[in-house]
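*Asks:* Below is a structure I'd like to ask you about.
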Amino acid sequence: MNLSSSFLILLFCGLAVVQGTIETNAMTEKLNSLEIKMLNIESRLENYENRILQLEQKERNTAIFSAGIGGNSPFGPFNTDVTTIYNHTFVNIGNAYSPVTGVFTAPVSGVYFFTIFSLSGGEHSIRLLLYKNNEVISHIHDHRSTDTADNGGNAGFYQLQQGDTVYVRLKEGTHVYKSRTGTTFSGFLVKQNS
């Protein structure tokens, strides 16, 4: 084999090695680029998952309810104070209000807004007491009268801790009408504590 043939063989082998190196470098660059893209996709996916968890948590902490007393007859008078059970639920998002017990239980700490309204006739006085845990925080009161329709209402903002209860009690010797649209108890979370 002559020198020029050997030189040509070495030249072709060198070119083949150089071409393989160039192809390897190009493949490495493509793999690095794909790895960066995958890391970006993973980061965005984690961000979306966190946002979904935040929305789910917010939904779990939502508390909105409104309920009335079903029926069209007097509720009371009784010989003792009675927890008023508003058994006709209009809305109960978050299920913090129990139409079985008449008690709202705060799912989270925060500021809540509550309203109570009553409809009654004049033959007995009205006295509804709004309780937070075992403490009266608001009330409706109307004296016995000769008219046939007495209405009352009260509302307020209250700071509650998670697990606090809010409910309405009818004072002994008083009454309201069972009117699902006239005698109502409603509330909602205004602002959750941070």
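Chains: A, B, ... in order of the structure tokens. Residues: from 1 per chain. Ligands: from 1, in order shown.
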Need the shell around segment 82-95 of chain A: protein/DNA/RNA residues with any atom at most 8 Å away, counting only C-alpha atoms. Skip same-chain ones fewer than 2 positions apart. Format as JSON, numbers by chain?

*Replies:* {"A": [59, 60, 61, 62, 63, 64, 65, 66, 67, 68, 69, 70, 78, 80, 97, 98, 99, 100, 101, 102, 103, 167, 168, 169, 170, 171, 172, 180, 184, 185]}

*Asks:* Within 6 Å of Phe104 of chain A, counting only C-alpha atoms, which residues qualify if same-chain residues fewer than 4 places away don't, as a PyMOL selection string?

*Replies:* chain A and resi 96-97+165-166

*Asks:* I want to know what sits within 6 Å of Ile126 of chain A, based on only C-alpha atoms, with residues of the same chain fewer than 2 positions away left out; could you give that as a PDB file with N, CA and C atoms, in the first residue's frame?

*Replies:*
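Heads up, here's the output in selection.pdb:
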ATOM      1  N   HIS A 141     -86.999  41.269  69.636  1.00  0.00           N
ATOM      2  CA  HIS A 141     -87.985  41.309  70.716  1.00  0.00           C
ATOM      3  C   HIS A 141     -89.151  42.191  70.283  1.00  0.00           C
ATOM      4  N   ASP A 142     -90.359  41.687  70.485  1.00  0.00           N
ATOM      5  CA  ASP A 142     -91.558  42.481  70.238  1.00  0.00           C
ATOM      6  C   ASP A 142     -92.586  42.097  71.297  1.00  0.00           C
ATOM      7  N   THR A 174     -92.850  32.721  74.415  1.00  0.00           N
ATOM      8  CA  THR A 174     -92.988  33.534  73.201  1.00  0.00           C
ATOM      9  C   THR A 174     -93.189  32.616  71.997  1.00  0.00           C
ATOM     10  N   HIS A 175     -93.485  33.212  70.849  1.00  0.00           N
ATOM     11  CA  HIS A 175     -93.677  32.380  69.660  1.00  0.00           C
ATOM     12  C   HIS A 175     -93.334  33.165  68.393  1.00  0.00           C
TER      13      HIS A 175
END

*Asks:* What's the separation between atom CA of Val108 of chain A and atom CA of Leu160 of chain A, in Å to one decimal place?

*Replies:*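 Atom CA of Leu160 of chain A lies at a distance of 8.0 Å from atom CA of Val108 of chain A.
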
*Asks:* Between atom CA of Asp164 of chain A and atom CA of Tyr131 of chain A, what is the spacing in Å?

*Replies:*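 Between atom CA of Tyr131 of chain A and atom CA of Asp164 of chain A the gap is 10.3 Å.
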